[in-house]
Each structure stands twice: as C-alpha cells, then as structure tokens.
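*Asks:* Starting off with a structure, shown below.
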Amino acid sequence: MRNCDLPRLAIPAARSFVAVAAVMYFIDLYQQTHDHLTNGLGRPLGDDFINFWSAPFLAWHGRTSEIYDVIAFHVFEQQVVGAPLDGYHFSYSPVLFLLTAPLALIPYVPGLVLWLTASWYAFYRALRLAVPDGGSVLLALATPAVLINAVGGQNGTWTAALFGGGLGLLERRPLIAGGLLGLLVYKPQLGILIPIALVSGRHWRAFGAAAVVACALVVLSVLIFGAEIWTEYIRNLAVLRTVILEDGAGVWHRFVSIFVAARRLGASAETAYIIQAVAAILACIIVAWAWSRDLSISMKNALLVLGTCFATPYLQDYDLVFSAFIVAWLWQEPHFSVSSERSLKVAAALLLLLPLVAVLLAHSTGLAFGPVFILPIFVVALQVSLRGSSGYRVVPSLD
C-alpha cells in the first residue's frame with residue numbers, strides 16, 4: 001500500500017491556500033472597479049474576459065468586421081468598460097463565436113460571473129471522473145492554476161474540463177468523449193496530440209466524433225459569419241504570432257513552453273522553432289507508444305496531456321488548470337515503487353506550483369522555467385510506464 005502521508009499533510013495546506021486565494025481574488029476584483037470597470041491603469045474588470053465577451057457580442061450583432069480590426073475592437077472594449085484600456089485583442093478563431101454565443105445576450109458583469117462559475121463547475125464535474133473516491137472539490141479549488149485563470153478571466157478551466165472530461169469518458173462514452181475533445185478545436189494548439197493518441201489507441205468512434213464536431217463547428221462558423229471572417233482571422237493570427245510568440249511583446253513572462261524558454265535563453269526564432277519541433281516529435285512518439293501499449297488509461301491520459309505541454313509552443317500559466325488531472329491520474333496509478341512514489345510527490349508539487357511562480361521567476365531572472373517544472377513529472381510517468389512495476393494503490397480521500 002502506498003504511503004498516504006502526502007495527501008494528509010496536503011489537506012490543511014490546500015484548505016489554507018483556498019481561503020487566502022479567495023481573499024486575494026476578491027481584493028483584486030474590487031481594485032478593477034477603481035475607474036468605472038477598470039483599475040484606472042488600463043486593466044478591465046475580469047481582465048481577458050473583456051475579449052471573450054466582446055467578440056461574441058460583436059459577432060452576433062452583425063459587427064464581425066470589428067473583431068479582428070485591432071483599433072476598432074479596442075475602441076469597442078473601452079466603450080464597454082467606460083475607461084481607457086491597455087492593448088487587449090481577440091486571438092481566437094470564429095469557432096469561439098459559436099461556443100460563447102450565450103455571452104452575446106448577457107450584460108458584461110453578469111457574463112463574467114457566468115463565465116467563471118460555469119467554467120469552474122464544468123472543470124469540477126470533469127475532475128470527479130478522475131477522483132471518484134472523494135477530494136475533487138478541494139482539488140478543484142486548490143489547484144493554483146485555477147486562481148491564475150480566474151484572475152486573468154481566462155479559459156483554462158473550460159479547456160481542462162473538455163480535455164479531462166473527454167479523456168475521462170473515453171472508455172465508457174466514446175462518442176461523448178470524442179465530442180468533448182472535438183470542442184478543443186477552439187484552442188487547437190492544445191489538441192495537437194489528441195488524434196495521435198486516439199488513432200494509436202484504436203479509439204475509432206471517439207476519433208470520428210471528435211473530427212465531426214470539429215469540422216461541423218468550422219463549417220457552421222463559415223455559414224453563419226462568412227468565409228471572409230476566417231481570412232481576417234488568419235491574417236490577424238500571422239501578426240500575433242510574430243508579435244506575441246516570437247518577439248514577446250510583454251507577455252513572455254506568462255509562457256511556460258519550450259519555444260519561449262529557448263527564446264529567453266537567447267535562441268533565434270528559427271532555432272527555437274527547431275528545438276520546439278524536436279520536442280514535439282519526441283512527445284508524439286512517446287504518446288503514440290503509450291497509447292498503443294497495454295497501459296492503464298490513467299497513465300495514457302497523463303502522458304498525453306504532459307506530452308502536449310512539450311509539443312505546443314503556445315502554452316501559458318493559466319492553461320495549466322489541467323495539471324489537476326495529471327496529478328489525479330498518476331496518484332491512482334498502481335505501478336509505483338517506493339522510490340518512484342517519492343519522485344512523484346516532488347514532481348507533482350513542482351507542476352502544481354508552476355503557475356504561482358512562473359511570472360515571478362520570469363520577471364526576476366528574465367528566463368522561462370516552465371519546462372524545468374513540467375519535465376520531472378513527465379519523466380516519472382514515462383519511467384513507470386517503461387518499467388511496468390507491480391503494486392497496489394489505495395486512493396486517499398482529500399475530503
């Protein structure tokens with residue numbers, strides 16, 4: 001039986017973190033009402049949520065031409081919050097207009113409340129699939145990336161819900177699982193290894209469902225909003241890739257990908273792309289191998305999500321909400337020796353803490369340490385998969 005001291009010791013720390021995080025979040029939210037719906041320094045109430053609300057509002061009110069027009073979009077957002085803003089923009093495809101359509105019918109502030117509560121609840125419900133014996137509420141609240149995501153008004157909890165929920169239902173409800181994974185087409189950089197995993201694991205029904213949902217969303221967006229909006233999106237994406245990903249533009253401190261780590265070490269964009277490509281190929285090989293073998297579904301899921309972290313150049317701290325699933329899946333994995341269990345504890349702690357320290361380390365050192373924090377748990381999972389050692393695991397309750 002595996003030593004359960006870590007969960008018992010972690011419970012008080014997790015509960016304390018939740019209490020402190022809640023206070024910090026509401027203080028931060030209150031500060032964003034200093035000047036109308038901003039903090040008076042260019043940051044709106046809900047931060048990046050201003051983008052997720054403005055885009056569907058404009059799309060469903062016949063003003064799609066303003067969405068990828070940086071100046072027009074900025075003017076509209078300032079009208080929404082009633083004060084000057086920093087340079088917020090919308091970088092997602094027209095598919096997201098469909099998925100966020102309800103926001104077009106809801107005023108901004110209630111929309112923010114709905115966005116945060118609904119996404120957290122979806123994340124929690126998906127996490128229950130990975131933590132069936134209790135503890136999902138505390139883990140869903142205490143995962144540090146959840147706080148980072150809420151402060152930024154971002155979509156990390158939605159992404160984690162789709163990713164974790166789809167993988168969690170894969171064996172029991174393959175069509176539903178595939179549909180959930182197909183919805184990740186709104187954030188394709190985090191779904192790039194999913195087809196590899198599904199094909200390698202011969203999950204044909206899930207693969208088909210994912211492909212149908214993804215294609216249907218693209219086609220539907222063209223039928224409703226026109227093909228021109230996709231042309232504008234692609235043109236805008238090329239500019240943003242250069243400004244944000246390759247040159248930084250004041251946002252590199254939020255990135256935890258291999259590409260940005262290489263850039264911050266001084267590598268040229270071309271060299272960083274080569275390094276990223278090598279990492280992506282290795283991740284692809286490992287995921288294909290794992291999903292073609294007779295490993296537990298928990299181990300396969302963990303390696304897929306961890307592999308995605310190394311395969312994509314565009315990975316930010318708020319995306320790591322799905323780290324809760326990785327820890328939950330591996331914590332239930334029976335094939336751990338005493339030594340590998342100790343390594344898992346340390347590696348899991350590093351992964352969970354990364355969103356809290358990524359920005360601080362980036363600002364203080366000028367480097368990106370994301371891969372350094374993610375690699376240990378990937379190595380632990382891979383070693384255990386390769387060794388296939390036997391063991392028995394009792395899942396501790398965090399309740």
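Identifiers for the structure tokens are assigned positionally: chains receive A, B, ... in sequence, residues are indexed from 1 per chain, and ligands are indexed from 1 in the order shown.
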Do you know which residues are at most 6 Å from region 297-306 of chain A counting only C-alpha atoms, after dropping those on the same chain fewer than 2 positions away, and could you put them as a PyMOL selection string?
*Replies:* chain A and resi 287+290-291+308-309+326+329
*Asks:* Can you list, as an mmCIF file with C-alpha atoms, in the first residue's frame, every protein, DNA or RNA residue that comes within 6 Å of region 355-369 of chain A when you count only C-alpha atoms, leaving out same-chain residues fewer than 2 positions away?
*Replies:*
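Saved to result-v1.cif:
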data_model
loop_
_atom_site.group_PDB
_atom_site.id
_atom_site.type_symbol
_atom_site.label_atom_id
_atom_site.label_comp_id
_atom_site.auth_asym_id
_atom_site.auth_seq_id
_atom_site.Cartn_x
_atom_site.Cartn_y
_atom_site.Cartn_z
ATOM 1 C CA ALA A 145 -3.724 27.465 -11.863
ATOM 2 C CA HIS A 253 6.584 36.051 -18.638
ATOM 3 C CA ARG A 254 3.262 34.151 -18.799
ATOM 4 C CA ALA A 261 12.222 29.036 -22.856
ATOM 5 C CA ARG A 264 14.556 33.694 -23.433
ATOM 6 C CA ASP A 317 0.413 29.540 -16.975
ATOM 7 C CA LEU A 353 3.195 25.264 -8.086
ATOM 8 C CA PRO A 371 9.754 23.108 -18.940
ATOM 9 C CA VAL A 372 12.000 22.649 -15.885
#
*Asks:* Excluding same-chain residues fewer than 4 positions from Ala14 (chain A), what lies within 8 Å of it counting only C-alpha atoms, as a PDB file with C-alpha atoms, in the first residue's frame?
*Replies:*
ATOM      1  CA  ALA A  10      -1.547  18.482   1.968  1.00  0.00           C
ATOM      2  CA  VAL A  18      -8.154  28.217  -0.917  1.00  0.00           C
ATOM      3  CA  LEU A 138     -10.844  20.523  -2.703  1.00  0.00           C
ATOM      4  CA  LEU A 139      -8.560  19.695  -5.618  1.00  0.00           C
ATOM      5  CA  ALA A 142      -6.882  24.369  -4.515  1.00  0.00           C
TER       6      ALA A 142
END
*Asks:* Any idea what the distance is between CA of Leu99 (chain A) and CA of Ile258 (chain A)?
*Replies:* 29.5 Å
*Asks:* Using DSSP on the backbone coordinates, identify the residues of region 127-202 of chain A assigned to alpha helix (DSSP H); present them as an NGL selection string.
*Replies:* :A and (127-130 or 136-142 or 144-152 or 156-168 or 174-182 or 194-200)
*Asks:* What would the file look like if the residues just selected were written as a short mmCIF file (atom, residue, chain, number, x, y, z; two decimals), in the first residue's frame with C-alpha atoms?
*Replies:*
data_model
loop_
_atom_site.label_atom_id
_atom_site.label_comp_id
_atom_site.auth_asym_id
_atom_site.auth_seq_id
_atom_site.Cartn_x
_atom_site.Cartn_y
_atom_site.Cartn_z
CA LEU A 127 -12.38 16.19 -12.26
CA ARG A 128 -14.83 13.94 -10.46
CA LEU A 129 -14.22 11.39 -13.20
CA ALA A 130 -10.53 11.35 -12.29
CA SER A 136 -12.50 16.52 -6.19
CA VAL A 137 -13.98 19.68 -4.65
CA LEU A 138 -10.84 20.52 -2.70
CA LEU A 139 -8.56 19.70 -5.62
CA ALA A 140 -10.70 21.77 -8.00
CA LEU A 141 -10.48 24.75 -5.65
CA ALA A 142 -6.88 24.37 -4.52
CA PRO A 144 -3.11 27.06 -8.13
CA ALA A 145 -3.72 27.46 -11.86
CA VAL A 146 -7.43 27.90 -11.10
CA LEU A 147 -6.61 31.11 -9.23
CA ILE A 148 -4.36 32.33 -12.04
CA ASN A 149 -7.09 31.54 -14.55
CA ALA A 150 -9.76 33.38 -12.53
CA VAL A 151 -7.59 36.45 -12.01
CA GLY A 152 -6.92 36.58 -15.74
CA GLY A 156 -8.14 27.46 -18.73
CA THR A 157 -10.92 25.83 -16.71
CA TRP A 158 -13.00 25.34 -19.87
CA THR A 159 -10.03 23.76 -21.64
CA ALA A 160 -9.30 21.49 -18.68
CA ALA A 161 -12.96 20.45 -18.46
CA LEU A 162 -13.04 19.45 -22.13
CA PHE A 163 -9.65 17.74 -22.06
CA GLY A 164 -10.15 15.95 -18.76
CA GLY A 165 -13.80 15.20 -19.35
CA GLY A 166 -13.19 13.81 -22.81
CA LEU A 167 -10.37 11.55 -21.66
CA GLY A 168 -12.28 10.54 -18.55
CA PRO A 174 -16.63 7.21 -26.59
CA LEU A 175 -18.98 9.35 -28.69
CA ILE A 176 -19.48 11.91 -25.93
CA ALA A 177 -15.76 11.81 -25.17
CA GLY A 178 -14.92 12.47 -28.80
CA GLY A 179 -17.41 15.31 -28.93
CA LEU A 180 -15.82 16.99 -25.93
CA LEU A 181 -12.34 16.58 -27.37
CA GLY A 182 -13.57 17.93 -30.70
CA ILE A 194 -5.22 14.02 -29.44
CA PRO A 195 -5.56 12.49 -32.95
CA ILE A 196 -2.26 10.64 -32.44
CA ALA A 197 -3.48 9.20 -29.14
CA LEU A 198 -6.92 8.19 -30.40
CA VAL A 199 -5.55 6.54 -33.54
CA SER A 200 -2.75 4.77 -31.65
#
